[in-house]
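Student: Dropping in run-v7.txt, which is compact mmCIF, C-alpha atoms:
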```
# COMPACT_ATOMS: atom_id res chain seq x y z
CA MET A 1 7.54 19.27 10.39
CA ARG A 2 6.64 16.08 12.25
CA LEU A 3 4.00 13.67 11.01
CA VAL A 4 3.12 10.63 13.13
CA MET A 5 1.17 7.65 11.83
CA LEU A 6 -0.71 5.86 14.60
CA ALA A 7 -0.60 2.07 14.09
CA TYR A 8 -1.60 -0.94 16.20
CA ASP A 9 -1.82 -4.72 16.00
CA GLY A 10 -4.38 -5.80 13.44
CA PHE A 11 -3.90 -2.84 11.11
CA THR A 12 -4.88 -3.14 7.44
CA ASP A 13 -1.79 -3.22 5.21
CA VAL A 14 -2.95 -0.76 2.57
CA ASP A 15 -4.18 1.71 5.20
CA LEU A 16 -0.71 2.01 6.70
CA PHE A 17 1.65 1.39 3.79
CA LEU A 18 -0.06 3.37 1.03
CA PRO A 19 -0.09 6.65 3.00
CA TRP A 20 3.37 5.82 4.45
CA ASP A 21 4.71 5.45 0.91
CA LEU A 22 3.06 8.70 -0.16
CA PHE A 23 4.28 10.71 2.85
CA ASN A 24 7.82 9.46 2.29
CA ARG A 25 7.81 10.75 -1.29
CA VAL A 26 7.69 14.27 0.11
CA HIS A 27 11.36 13.74 1.07
CA ASP A 28 12.40 13.18 -2.51
CA PRO A 29 14.10 16.31 -3.85
CA ASP A 30 14.13 14.92 -7.40
CA TYR A 31 10.36 14.95 -7.55
CA VAL A 32 8.73 17.01 -4.87
CA GLY A 33 11.48 19.52 -4.13
CA TYR A 34 10.72 19.80 -0.42
CA THR A 35 14.09 20.28 1.22
CA LYS A 36 13.18 21.34 4.77
CA PRO A 37 13.04 18.74 7.56
CA TRP A 38 10.02 16.46 7.17
CA SER A 39 9.80 13.51 9.49
CA VAL A 40 7.31 10.67 9.11
CA ARG A 41 7.20 8.06 11.87
CA ILE A 42 5.00 5.05 12.56
CA CYS A 43 4.15 5.00 16.28
CA ALA A 44 2.45 2.32 18.34
CA ASP A 45 2.08 1.07 21.91
CA THR A 46 3.96 -2.19 21.28
CA PRO A 47 7.55 -2.96 20.19
CA GLN A 48 6.17 -4.66 17.08
CA VAL A 49 2.88 -4.35 15.22
CA THR A 50 1.42 -7.07 13.02
CA SER A 51 -1.15 -6.44 10.31
CA ASN A 52 -4.31 -8.49 9.94
CA THR A 53 -2.54 -10.49 7.21
CA GLY A 54 0.51 -11.17 9.40
CA ILE A 55 2.99 -8.53 8.18
CA ALA A 56 5.10 -7.66 11.25
CA ILE A 57 7.06 -4.41 11.47
CA THR A 58 8.93 -2.46 14.12
CA PRO A 59 7.39 0.97 14.78
CA HIS A 60 9.68 3.99 14.94
CA GLY A 61 8.40 5.16 18.31
CA GLY A 62 5.74 5.09 20.98
CA LEU A 63 2.50 6.94 21.55
CA GLY A 64 4.30 9.70 23.46
CA GLU A 65 5.26 11.17 20.08
CA LEU A 66 1.64 11.92 19.22
CA ALA A 67 1.38 15.04 21.37
CA GLN A 68 4.55 16.50 19.80
CA ALA A 69 3.46 15.92 16.21
CA ASP A 70 2.37 18.65 13.82
CA ALA A 71 0.14 16.11 12.10
CA VAL A 72 -1.31 12.72 12.98
CA PHE A 73 -2.61 10.07 10.56
CA ILE A 74 -4.67 7.31 12.17
CA VAL A 75 -4.59 4.00 10.31
CA SER A 76 -7.43 1.53 10.02
CA GLY A 77 -7.83 -2.17 10.60
CA PRO A 78 -9.83 -4.85 12.39
CA GLY A 79 -7.49 -4.43 15.39
CA SER A 80 -8.95 -0.98 16.06
CA ARG A 81 -11.87 -2.44 18.04
CA ALA A 82 -9.61 -4.03 20.69
CA LYS A 83 -7.73 -0.74 21.07
CA LEU A 84 -10.96 1.25 21.40
CA ARG A 85 -11.80 -0.99 24.39
CA ASP A 86 -8.33 -0.52 25.93
CA PRO A 87 -8.35 2.45 28.33
CA ASP A 88 -4.54 2.49 28.61
CA PHE A 89 -4.23 2.84 24.84
CA MET A 90 -6.97 5.45 24.56
CA ARG A 91 -5.50 7.53 27.39
CA GLN A 92 -2.25 7.89 25.44
CA LEU A 93 -3.92 9.40 22.38
CA GLU A 94 -3.16 13.05 23.07
CA LEU A 95 -4.51 14.84 20.03
CA ASP A 96 -5.38 18.50 19.67
CA PRO A 97 -6.92 19.74 16.41
CA ARG A 98 -6.34 23.35 17.45
CA ARG A 99 -2.61 22.88 16.86
CA GLN A 100 -2.43 19.61 14.88
CA VAL A 101 -3.64 18.51 11.46
CA ILE A 102 -5.45 15.22 12.07
CA GLY A 103 -6.57 12.63 9.54
CA ALA A 104 -8.16 9.22 9.96
CA ILE A 105 -9.07 6.53 7.44
CA ASP A 106 -11.88 3.96 7.68
CA SER A 107 -12.07 2.36 11.17
CA GLY A 108 -9.35 4.79 12.30
CA VAL A 109 -12.19 7.33 12.36
CA LEU A 110 -13.67 5.48 15.35
CA PHE A 111 -10.77 6.70 17.50
CA LEU A 112 -11.61 10.33 16.71
CA ALA A 113 -15.24 9.64 17.61
CA ARG A 114 -14.29 7.99 20.91
CA LEU A 115 -11.99 10.90 21.79
CA GLY A 116 -14.90 13.32 21.25
CA LEU A 117 -13.08 15.08 18.41
CA LEU A 118 -16.02 14.58 16.05
CA ASP A 119 -18.63 16.01 18.45
CA GLY A 120 -20.96 18.18 16.41
CA LEU A 121 -19.13 17.31 13.18
CA SER A 122 -19.80 14.87 10.34
CA ALA A 123 -17.44 12.13 9.12
CA THR A 124 -16.99 9.37 6.58
CA THR A 125 -15.58 5.84 7.02
CA TYR A 126 -15.32 2.39 5.39
CA PRO A 127 -18.58 1.14 3.84
CA GLY A 128 -19.01 -1.57 6.50
CA VAL A 129 -18.26 0.81 9.40
CA PHE A 130 -20.91 3.53 8.95
CA ALA A 131 -23.39 1.94 11.39
CA GLU A 132 -20.70 1.61 14.06
CA LEU A 133 -19.69 5.26 13.66
CA GLU A 134 -23.32 6.42 13.75
CA ALA A 135 -23.88 4.37 16.93
CA MET A 136 -21.14 6.51 18.50
CA GLY A 137 -23.26 9.59 17.82
CA VAL A 138 -21.46 10.84 14.71
CA LYS A 139 -23.39 12.16 11.72
CA THR A 140 -22.02 10.41 8.62
CA GLU A 141 -21.58 11.43 5.00
CA HIS A 142 -20.98 8.90 2.22
CA ARG A 143 -18.08 10.72 0.58
CA PRO A 144 -14.37 9.86 0.09
CA LEU A 145 -13.20 12.81 2.21
CA VAL A 146 -14.91 14.95 4.84
CA VAL A 147 -13.00 17.96 6.19
CA HIS A 148 -13.82 20.16 9.19
CA GLY A 149 -11.11 22.69 9.96
CA GLN A 150 -7.98 20.75 10.94
CA ILE A 151 -9.70 17.33 11.04
CA ALA A 152 -10.40 15.13 8.02
CA THR A 153 -11.84 11.64 7.66
CA ALA A 154 -11.63 9.38 4.61
CA GLY A 155 -13.74 6.42 3.49
CA GLY A 156 -12.55 3.47 1.39
CA CYS A 157 -8.88 2.49 1.36
CA LEU A 158 -8.05 4.35 -1.86
CA ALA A 159 -9.42 7.58 -0.35
CA THR A 160 -6.18 7.60 1.63
CA GLN A 161 -4.88 9.51 -1.40
CA ASP A 162 -7.43 12.28 -0.84
CA LEU A 163 -6.62 12.33 2.87
CA ALA A 164 -2.83 12.30 2.47
CA GLY A 165 -3.15 14.93 -0.26
CA TRP A 166 -5.27 17.15 1.99
CA MET A 167 -2.84 16.77 4.92
CA VAL A 168 0.27 17.54 2.87
CA SER A 169 -1.49 20.40 1.13
CA ARG A 170 -2.47 21.89 4.49
CA LEU A 171 1.02 21.41 5.96
CA LEU A 172 3.26 22.14 2.96
CA GLY A 173 1.10 23.51 0.16
CA ARG A 174 -0.89 22.20 -2.78
CA GLU A 175 2.08 21.99 -5.14
CA ILE A 176 3.97 19.52 -2.95
CA ALA A 177 0.79 17.51 -2.37
CA ASP A 178 0.11 17.28 -6.10
CA SER A 179 3.70 16.22 -6.85
CA MET A 180 3.44 13.51 -4.19
CA LEU A 181 0.18 12.16 -5.60
CA GLY A 182 1.46 12.34 -9.19
CA MET A 183 4.31 9.99 -8.31
CA ILE A 184 1.97 7.02 -7.84
CA ALA A 185 -0.45 7.79 -10.69
CA ARG A 186 -1.19 5.26 -13.42
CA VAL A 187 0.70 5.75 -16.68
CA GLU A 188 -1.67 7.10 -19.33
CA MET B 189 -3.72 -22.00 -6.21
CA ARG B 190 -0.30 -20.60 -5.35
CA LEU B 191 0.65 -16.97 -5.95
CA VAL B 192 4.19 -15.84 -5.18
CA MET B 193 5.23 -12.19 -4.88
CA LEU B 194 8.90 -11.69 -5.71
CA ALA B 195 10.46 -9.08 -3.39
CA TYR B 196 14.03 -7.90 -2.72
CA ASP B 197 15.94 -5.31 -0.71
CA GLY B 198 15.08 -1.80 -1.84
CA PHE B 199 11.49 -2.56 -2.87
CA THR B 200 8.94 0.24 -3.06
CA ASP B 201 6.38 -0.05 -0.23
CA VAL B 202 3.24 0.55 -2.26
CA ASP B 203 4.37 -1.85 -5.00
CA LEU B 204 4.55 -4.74 -2.54
CA PHE B 205 1.93 -3.92 0.08
CA LEU B 206 -0.91 -2.67 -2.10
CA PRO B 207 -1.06 -5.83 -4.26
CA TRP B 208 -0.33 -7.98 -1.15
CA ASP B 209 -3.34 -6.42 0.58
CA LEU B 210 -5.50 -6.96 -2.51
CA PHE B 211 -4.44 -10.58 -3.04
CA ASN B 212 -5.14 -11.36 0.62
CA ARG B 213 -8.70 -10.10 0.30
CA VAL B 214 -9.42 -13.06 -1.98
CA HIS B 215 -9.31 -15.18 1.20
CA ASP B 216 -12.16 -13.29 2.80
CA PRO B 217 -15.35 -15.36 2.54
CA ASP B 218 -17.48 -12.45 3.78
CA TYR B 219 -16.65 -10.42 0.71
CA VAL B 220 -15.15 -12.42 -2.10
CA GLY B 221 -16.59 -15.84 -1.41
CA TYR B 222 -13.56 -17.77 -2.62
CA THR B 223 -13.36 -20.81 -0.38
CA LYS B 224 -10.81 -23.01 -2.16
CA PRO B 225 -7.15 -22.92 -1.12
CA TRP B 226 -5.47 -19.70 -2.20
CA SER B 227 -1.98 -19.07 -0.98
CA VAL B 228 -0.14 -15.76 -1.32
CA ARG B 229 3.51 -15.67 -0.24
CA ILE B 230 6.21 -13.03 -0.38
CA CYS B 231 9.46 -14.68 -1.50
CA ALA B 232 13.00 -13.29 -1.58
CA ASP B 233 16.64 -14.37 -1.59
CA THR B 234 17.39 -12.97 1.89
CA PRO B 235 16.00 -13.76 5.37
CA GLN B 236 14.73 -10.18 5.60
CA VAL B 237 13.89 -7.56 2.98
CA THR B 238 13.92 -3.83 3.63
CA SER B 239 12.05 -1.31 1.51
CA ASN B 240 13.65 1.86 0.19
CA THR B 241 12.03 3.74 3.10
CA GLY B 242 13.39 1.29 5.70
CA ILE B 243 10.38 -0.96 6.32
CA ALA B 244 11.86 -4.40 7.16
CA ILE B 245 9.82 -7.58 6.85
CA THR B 246 10.46 -11.32 6.93
CA PRO B 247 9.57 -13.02 3.63
CA HIS B 248 7.52 -16.21 3.73
CA GLY B 249 9.94 -18.20 1.61
CA GLY B 250 12.82 -18.28 -0.83
CA LEU B 251 13.14 -18.05 -4.58
CA GLY B 252 12.75 -21.82 -4.94
CA GLU B 253 8.99 -21.30 -4.60
CA LEU B 254 8.83 -19.35 -7.86
CA ALA B 255 8.98 -22.41 -10.13
CA GLN B 256 6.12 -24.09 -8.19
CA ALA B 257 3.81 -21.08 -8.31
CA ASP B 258 0.69 -20.84 -10.46
CA ALA B 259 1.22 -17.09 -10.61
CA VAL B 260 4.11 -14.71 -9.94
CA PHE B 261 3.88 -10.99 -9.19
CA ILE B 262 7.17 -9.09 -9.46
CA VAL B 263 7.41 -6.00 -7.27
CA SER B 264 9.20 -2.78 -8.11
CA GLY B 265 11.73 -0.61 -6.36
CA PRO B 266 15.11 1.10 -6.67
CA GLY B 267 16.73 -2.12 -5.39
CA SER B 268 15.81 -3.89 -8.63
CA ARG B 269 18.93 -2.58 -10.39
CA ALA B 270 21.33 -4.31 -7.97
CA LYS B 271 19.43 -7.57 -8.39
CA LEU B 272 19.46 -7.29 -12.19
CA ARG B 273 23.26 -7.16 -11.94
CA ASP B 274 23.39 -10.18 -9.58
CA PRO B 275 23.77 -13.41 -11.60
CA ASP B 276 22.99 -15.61 -8.57
CA PHE B 277 19.70 -13.83 -8.06
CA MET B 278 18.78 -13.85 -11.75
CA ARG B 279 19.60 -17.56 -12.10
CA GLN B 280 17.00 -18.38 -9.44
CA LEU B 281 14.14 -16.67 -11.30
CA GLU B 282 12.57 -19.74 -12.86
CA LEU B 283 9.51 -18.40 -14.62
CA ASP B 284 7.50 -19.99 -17.38
CA PRO B 285 4.59 -18.09 -18.93
CA ARG B 286 3.37 -21.26 -20.67
CA ARG B 287 2.19 -22.60 -17.29
CA GLN B 288 2.28 -19.51 -15.05
CA VAL B 289 0.41 -16.22 -14.97
CA ILE B 290 3.11 -13.56 -14.62
CA GLY B 291 2.71 -9.89 -13.73
CA ALA B 292 5.27 -7.15 -13.11
CA ILE B 293 4.88 -3.55 -11.99
CA ASP B 294 7.16 -0.60 -12.82
CA SER B 295 10.86 -1.51 -12.49
CA GLY B 296 9.81 -5.12 -11.82
CA VAL B 297 9.23 -5.24 -15.57
CA LEU B 298 13.01 -5.01 -16.08
CA PHE B 299 13.36 -8.56 -14.68
CA LEU B 300 11.01 -9.91 -17.36
CA ALA B 301 13.04 -8.09 -20.01
CA ARG B 302 16.34 -9.46 -18.68
CA LEU B 303 14.91 -12.99 -18.61
CA GLY B 304 13.94 -12.65 -22.27
CA LEU B 305 10.26 -13.07 -21.48
CA LEU B 306 9.35 -9.85 -23.30
CA ASP B 307 11.19 -10.75 -26.51
CA GLY B 308 8.99 -9.69 -29.40
CA LEU B 309 6.37 -8.25 -27.02
CA SER B 310 5.54 -4.75 -25.82
CA ALA B 311 5.41 -3.59 -22.20
CA THR B 312 4.71 -0.64 -19.92
CA THR B 313 6.58 0.56 -16.81
CA TYR B 314 7.01 3.51 -14.42
CA PRO B 315 7.24 6.91 -16.15
CA GLY B 316 10.94 7.30 -15.27
CA VAL B 317 11.85 3.75 -16.38
CA PHE B 318 10.71 3.71 -20.03
CA ALA B 319 14.15 4.63 -21.42
CA GLU B 320 15.81 1.85 -19.37
CA LEU B 321 13.29 -0.71 -20.60
CA GLU B 322 13.69 0.42 -24.22
CA ALA B 323 17.49 0.17 -23.88
CA MET B 324 16.93 -3.51 -23.07
CA GLY B 325 15.28 -3.92 -26.49
CA VAL B 326 11.65 -3.88 -25.39
CA LYS B 327 9.02 -1.95 -27.35
CA THR B 328 7.09 0.20 -24.85
CA GLU B 329 3.51 1.40 -24.64
CA HIS B 330 2.43 4.27 -22.35
CA ARG B 331 -0.58 2.55 -20.86
CA PRO B 332 -1.47 1.40 -17.31
CA LEU B 333 -1.63 -2.27 -18.30
CA VAL B 334 -0.19 -4.22 -21.24
CA VAL B 335 -1.19 -7.89 -21.59
CA HIS B 336 0.29 -10.55 -23.87
CA GLY B 337 -1.12 -14.00 -23.22
CA GLN B 338 -0.10 -15.01 -19.70
CA ILE B 339 2.24 -12.02 -19.15
CA ALA B 340 1.13 -8.55 -18.08
CA THR B 341 3.07 -5.40 -17.20
CA ALA B 342 1.73 -2.36 -15.36
CA GLY B 343 2.93 1.24 -15.24
CA GLY B 344 2.49 3.68 -12.33
CA CYS B 345 2.05 2.36 -8.77
CA LEU B 346 -1.75 2.61 -8.79
CA ALA B 347 -1.89 0.46 -11.94
CA THR B 348 -1.13 -2.40 -9.56
CA GLN B 349 -4.92 -2.55 -9.24
CA ASP B 350 -5.27 -3.24 -12.96
CA LEU B 351 -2.51 -5.83 -12.79
CA ALA B 352 -3.79 -7.59 -9.66
CA GLY B 353 -7.31 -7.49 -11.10
CA TRP B 354 -6.13 -9.06 -14.35
CA MET B 355 -4.17 -11.79 -12.52
CA VAL B 356 -7.03 -12.74 -10.20
CA SER B 357 -9.50 -12.59 -13.06
CA ARG B 358 -7.33 -14.93 -15.11
CA LEU B 359 -6.79 -17.33 -12.19
CA LEU B 360 -10.17 -17.25 -10.44
CA GLY B 361 -12.60 -15.35 -12.63
CA ARG B 362 -13.77 -11.78 -13.14
CA GLU B 363 -16.31 -11.85 -10.32
CA ILE B 364 -13.73 -12.58 -7.63
CA ALA B 365 -11.39 -9.98 -9.14
CA ASP B 366 -14.11 -7.32 -9.10
CA SER B 367 -15.06 -8.14 -5.49
CA MET B 368 -11.41 -7.83 -4.48
CA LEU B 369 -11.01 -4.46 -6.17
CA GLY B 370 -14.32 -3.18 -4.81
CA MET B 371 -13.11 -3.73 -1.26
CA ILE B 372 -10.57 -0.92 -1.50
CA ALA B 373 -12.64 1.53 -3.56
CA ARG B 374 -13.33 5.06 -2.38
CA VAL B 375 -16.72 5.62 -0.73
CA GLU B 376 -18.97 7.57 -3.11
```
What would the structure in this file look like if it were written as structure tokens?
Tutor:
Amino acid sequence: MRLVMLAYDGFTDVDLFLPWDLFNRVHDPDYVGYTKPWSVRICADTPQVTSNTGIAITPHGGLGELAQADAVFIVSGPGSRAKLRDPDFMRQLELDPRRQVIGAIDSGVLFLARLGLLDGLSATTYPGVFAELEAMGVKTEHRPLVVHGQIATAGGCLATQDLAGWMVSRLLGREIADSMLGMIARVE
Amino acid sequence: MRLVMLAYDGFTDVDLFLPWDLFNRVHDPDYVGYTKPWSVRICADTPQVTSNTGIAITPHGGLGELAQADAVFIVSGPGSRAKLRDPDFMRQLELDPRRQVIGAIDSGVLFLARLGLLDGLSATTYPGVFAELEAMGVKTEHRPLVVHGQIATAGGCLATQDLAGWMVSRLLGREIADSMLGMIARVE
């Protein structure tokens, strides 16, 4: 099972690293018990990506991995607008919801809209991004998670939990998703 | 106002990057409105730190910045145990709750225990770490956040919100803390 996280310069830290942390917990046999191959890779079009706060990391691969993935998570961040205007970047986003589970958080949802993958569907996004998404012709819903078949969108950084949970549930089952989410829960 | 985040090899991604993301939002005049100097720096004893999932970043500074900070946030991760056994590392942790606001999440709480800063106090930690903390002589409480004066401990990765909120509230006021936390809330 191959999951690719699409990142780019100007990503928002929590929108990459919170789901990254969650997806990596699926590996942990002590907690989640998933022992089959499960690969999670951050992919980008540059040899390094830097968040909007200046955190620089080296991605695991390039955008060519997107088409081979079983699932794609699209991160959010102020840098998304420059990428949406970059035809070379957009051309490399080979996504197919007929055979891939696809999730996007906040301004990451704009990529799905631009690719036409939300045509006729509704979606959610970050509070400050609804007008932008609507201007792209997408009907919006003010909810943390909106699911249509194999595509889901999430709104508000912490809704990444709902999105990651939905993706893992769809790919590996509800039990593994719930174990993953339980590992970051507050102590009560 | 200087806030230092103490990191080390083998940190847990969400326990560094979620509070880092939150603390950086305090800078944002569009949302939080805090316009005075507010510095947030990740400090470590090595020129690079790598998380337990392999995310490598360059810290902003060394451990010498701890003593000069107004506030210190101690991150968590499996790598904490090696550092607890490293006298050179421990000797550099100059913390003073009489003049600093100090917060620790999950296994980061073990550093406070080792430094004697929890003597006579109670604390919380990650579900799997309570026994370890109790073995160090600390009375535990199964709650997301435990506060004693200028020291707070948080249990469960998502309790980092409670901890970051408490720290910012104490340093800059409740309004700025609430604005910061609201910026990552789920859309409803």
Student: For chain B, which residues have at least one atom within 7 Å of chain A, if we go by all atoms listed in the file? Write them as a PyMOL selection string, please.
Tutor: chain B and resi 201-202+205-206+209+244-245+315+330-332+343-347+372-376
Student: Can you show chain B as a short mmCIF file (atom, residue, chain, number, x, y, z; two decimals) with C-alpha atoms, in the frame of the given file once it has been least-squares superposed onto chain A, using every C-alpha atom paired in order?
Tutor:
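See out03.cif below for the written result:
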```cif
data_model
loop_
_atom_site.label_atom_id
_atom_site.label_comp_id
_atom_site.auth_asym_id
_atom_site.auth_seq_id
_atom_site.Cartn_x
_atom_site.Cartn_y
_atom_site.Cartn_z
CA MET B 189 7.56 19.27 10.40
CA ARG B 190 6.65 16.09 12.25
CA LEU B 191 4.00 13.67 11.00
CA VAL B 192 3.12 10.65 13.12
CA MET B 193 1.17 7.65 11.83
CA LEU B 194 -0.70 5.87 14.61
CA ALA B 195 -0.61 2.08 14.09
CA TYR B 196 -1.60 -0.93 16.21
CA ASP B 197 -1.83 -4.72 16.03
CA GLY B 198 -4.38 -5.80 13.45
CA PHE B 199 -3.90 -2.83 11.11
CA THR B 200 -4.88 -3.12 7.45
CA ASP B 201 -1.78 -3.21 5.21
CA VAL B 202 -2.94 -0.75 2.57
CA ASP B 203 -4.18 1.72 5.20
CA LEU B 204 -0.71 2.01 6.71
CA PHE B 205 1.65 1.39 3.80
CA LEU B 206 -0.05 3.36 1.05
CA PRO B 207 -0.09 6.66 3.01
CA TRP B 208 3.38 5.82 4.46
CA ASP B 209 4.72 5.45 0.91
CA LEU B 210 3.06 8.71 -0.15
CA PHE B 211 4.27 10.71 2.86
CA ASN B 212 7.82 9.46 2.30
CA ARG B 213 7.81 10.75 -1.27
CA VAL B 214 7.71 14.29 0.13
CA HIS B 215 11.38 13.72 1.05
CA ASP B 216 12.40 13.13 -2.54
CA PRO B 217 14.10 16.27 -3.89
CA ASP B 218 14.11 14.87 -7.44
CA TYR B 219 10.34 14.92 -7.57
CA VAL B 220 8.74 16.99 -4.86
CA GLY B 221 11.47 19.49 -4.14
CA TYR B 222 10.74 19.79 -0.43
CA THR B 223 14.11 20.29 1.21
CA LYS B 224 13.18 21.33 4.75
CA PRO B 225 13.04 18.74 7.53
CA TRP B 226 10.04 16.46 7.17
CA SER B 227 9.80 13.52 9.48
CA VAL B 228 7.31 10.67 9.11
CA ARG B 229 7.20 8.06 11.88
CA ILE B 230 5.00 5.06 12.56
CA CYS B 231 4.14 5.02 16.27
CA ALA B 232 2.44 2.32 18.34
CA ASP B 233 2.07 1.07 21.91
CA THR B 234 3.96 -2.20 21.29
CA PRO B 235 7.55 -2.97 20.20
CA GLN B 236 6.17 -4.66 17.08
CA VAL B 237 2.87 -4.35 15.21
CA THR B 238 1.42 -7.06 13.01
CA SER B 239 -1.15 -6.43 10.31
CA ASN B 240 -4.31 -8.49 9.94
CA THR B 241 -2.53 -10.48 7.19
CA GLY B 242 0.52 -11.17 9.39
CA ILE B 243 2.98 -8.52 8.17
CA ALA B 244 5.10 -7.64 11.25
CA ILE B 245 7.05 -4.40 11.47
CA THR B 246 8.93 -2.45 14.13
CA PRO B 247 7.39 0.97 14.78
CA HIS B 248 9.68 3.99 14.95
CA GLY B 249 8.40 5.17 18.31
CA GLY B 250 5.73 5.10 20.98
CA LEU B 251 2.49 6.94 21.56
CA GLY B 252 4.29 9.70 23.46
CA GLU B 253 5.25 11.17 20.08
CA LEU B 254 1.62 11.92 19.22
CA ALA B 255 1.37 15.05 21.38
CA GLN B 256 4.56 16.50 19.80
CA ALA B 257 3.45 15.91 16.21
CA ASP B 258 2.38 18.65 13.81
CA ALA B 259 0.14 16.12 12.10
CA VAL B 260 -1.31 12.72 12.99
CA PHE B 261 -2.61 10.09 10.57
CA ILE B 262 -4.67 7.32 12.17
CA VAL B 263 -4.60 4.00 10.32
CA SER B 264 -7.44 1.53 10.02
CA GLY B 265 -7.81 -2.17 10.60
CA PRO B 266 -9.83 -4.85 12.39
CA GLY B 267 -7.50 -4.44 15.40
CA SER B 268 -8.96 -0.98 16.06
CA ARG B 269 -11.87 -2.44 18.05
CA ALA B 270 -9.61 -4.03 20.69
CA LYS B 271 -7.74 -0.74 21.08
CA LEU B 272 -10.97 1.25 21.40
CA ARG B 273 -11.81 -0.99 24.37
CA ASP B 274 -8.33 -0.53 25.93
CA PRO B 275 -8.35 2.44 28.34
CA ASP B 276 -4.54 2.49 28.61
CA PHE B 277 -4.23 2.83 24.86
CA MET B 278 -6.97 5.45 24.57
CA ARG B 279 -5.50 7.53 27.42
CA GLN B 280 -2.25 7.89 25.46
CA LEU B 281 -3.93 9.41 22.39
CA GLU B 282 -3.17 13.05 23.08
CA LEU B 283 -4.52 14.85 20.04
CA ASP B 284 -5.40 18.49 19.67
CA PRO B 285 -6.92 19.74 16.41
CA ARG B 286 -6.34 23.36 17.46
CA ARG B 287 -2.60 22.88 16.86
CA GLN B 288 -2.44 19.62 14.89
CA VAL B 289 -3.64 18.51 11.47
CA ILE B 290 -5.45 15.22 12.08
CA GLY B 291 -6.57 12.63 9.54
CA ALA B 292 -8.17 9.21 9.96
CA ILE B 293 -9.07 6.53 7.43
CA ASP B 294 -11.88 3.95 7.68
CA SER B 295 -12.08 2.37 11.16
CA GLY B 296 -9.36 4.80 12.30
CA VAL B 297 -12.18 7.33 12.36
CA LEU B 298 -13.68 5.48 15.35
CA PHE B 299 -10.76 6.70 17.50
CA LEU B 300 -11.61 10.33 16.70
CA ALA B 301 -15.24 9.64 17.62
CA ARG B 302 -14.28 7.98 20.92
CA LEU B 303 -11.99 10.90 21.78
CA GLY B 304 -14.89 13.31 21.24
CA LEU B 305 -13.09 15.07 18.41
CA LEU B 306 -16.03 14.59 16.05
CA ASP B 307 -18.62 16.02 18.44
CA GLY B 308 -20.96 18.18 16.40
CA LEU B 309 -19.13 17.30 13.17
CA SER B 310 -19.80 14.87 10.34
CA ALA B 311 -17.45 12.14 9.12
CA THR B 312 -16.98 9.36 6.58
CA THR B 313 -15.58 5.83 7.03
CA TYR B 314 -15.31 2.39 5.39
CA PRO B 315 -18.57 1.14 3.83
CA GLY B 316 -19.01 -1.57 6.49
CA VAL B 317 -18.26 0.80 9.40
CA PHE B 318 -20.90 3.53 8.95
CA ALA B 319 -23.39 1.93 11.37
CA GLU B 320 -20.69 1.61 14.06
CA LEU B 321 -19.68 5.24 13.65
CA GLU B 322 -23.31 6.41 13.76
CA ALA B 323 -23.88 4.35 16.93
CA MET B 324 -21.13 6.48 18.50
CA GLY B 325 -23.26 9.58 17.82
CA VAL B 326 -21.47 10.84 14.72
CA LYS B 327 -23.40 12.16 11.72
CA THR B 328 -22.03 10.40 8.62
CA GLU B 329 -21.58 11.43 5.01
CA HIS B 330 -20.97 8.90 2.21
CA ARG B 331 -18.08 10.71 0.58
CA PRO B 332 -14.37 9.86 0.09
CA LEU B 333 -13.19 12.80 2.20
CA VAL B 334 -14.91 14.95 4.84
CA VAL B 335 -13.00 17.97 6.19
CA HIS B 336 -13.81 20.15 9.19
CA GLY B 337 -11.10 22.68 9.96
CA GLN B 338 -7.98 20.74 10.94
CA ILE B 339 -9.71 17.32 11.04
CA ALA B 340 -10.40 15.13 8.02
CA THR B 341 -11.85 11.63 7.67
CA ALA B 342 -11.62 9.39 4.61
CA GLY B 343 -13.74 6.44 3.49
CA GLY B 344 -12.56 3.48 1.38
CA CYS B 345 -8.87 2.49 1.35
CA LEU B 346 -8.05 4.36 -1.86
CA ALA B 347 -9.42 7.58 -0.35
CA THR B 348 -6.18 7.60 1.62
CA GLN B 349 -4.87 9.52 -1.40
CA ASP B 350 -7.43 12.27 -0.84
CA LEU B 351 -6.63 12.32 2.87
CA ALA B 352 -2.83 12.30 2.46
CA GLY B 353 -3.16 14.93 -0.27
CA TRP B 354 -5.26 17.15 1.99
CA MET B 355 -2.83 16.77 4.92
CA VAL B 356 0.28 17.54 2.87
CA SER B 357 -1.49 20.40 1.14
CA ARG B 358 -2.46 21.89 4.49
CA LEU B 359 1.03 21.42 5.95
CA LEU B 360 3.27 22.16 2.96
CA GLY B 361 1.11 23.52 0.16
CA ARG B 362 -0.89 22.20 -2.77
CA GLU B 363 2.08 21.97 -5.13
CA ILE B 364 3.98 19.52 -2.95
CA ALA B 365 0.79 17.52 -2.37
CA ASP B 366 0.11 17.28 -6.11
CA SER B 367 3.71 16.22 -6.84
CA MET B 368 3.43 13.51 -4.19
CA LEU B 369 0.18 12.17 -5.60
CA GLY B 370 1.44 12.34 -9.18
CA MET B 371 4.30 10.01 -8.31
CA ILE B 372 1.97 7.05 -7.85
CA ALA B 373 -0.46 7.80 -10.68
CA ARG B 374 -1.20 5.28 -13.41
CA VAL B 375 0.70 5.78 -16.68
CA GLU B 376 -1.68 7.13 -19.33
#
```
Student: Find the residues near Asp86 (chain A): any atom within 12 Å, counting only C-alpha atoms, skip ones fewer than 6 places away on the same chain, and give them as a list in words.
Tutor: Tyr8, Asp45, Gly79, Ser80, Gln92, Leu93, Phe111 and Arg114 of chain A
Student: What does the distance between CA of Val75 (chain A) and CA of Ile293 (chain B) come to in Å, to one decimal place?
Tutor: 25.4 Å
Student: Would you mind telling me which residue in B:Arg190, B:Lys271, B:Arg229, B:His336 lies nearest to Ser295 (chain B) when using only C-alpha atoms?
Tutor: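 Checking each of B:Arg190, B:Lys271, B:Arg229, B:His336 against Ser295 (chain B), counting only C-alpha atoms, the winner is B:Lys271.
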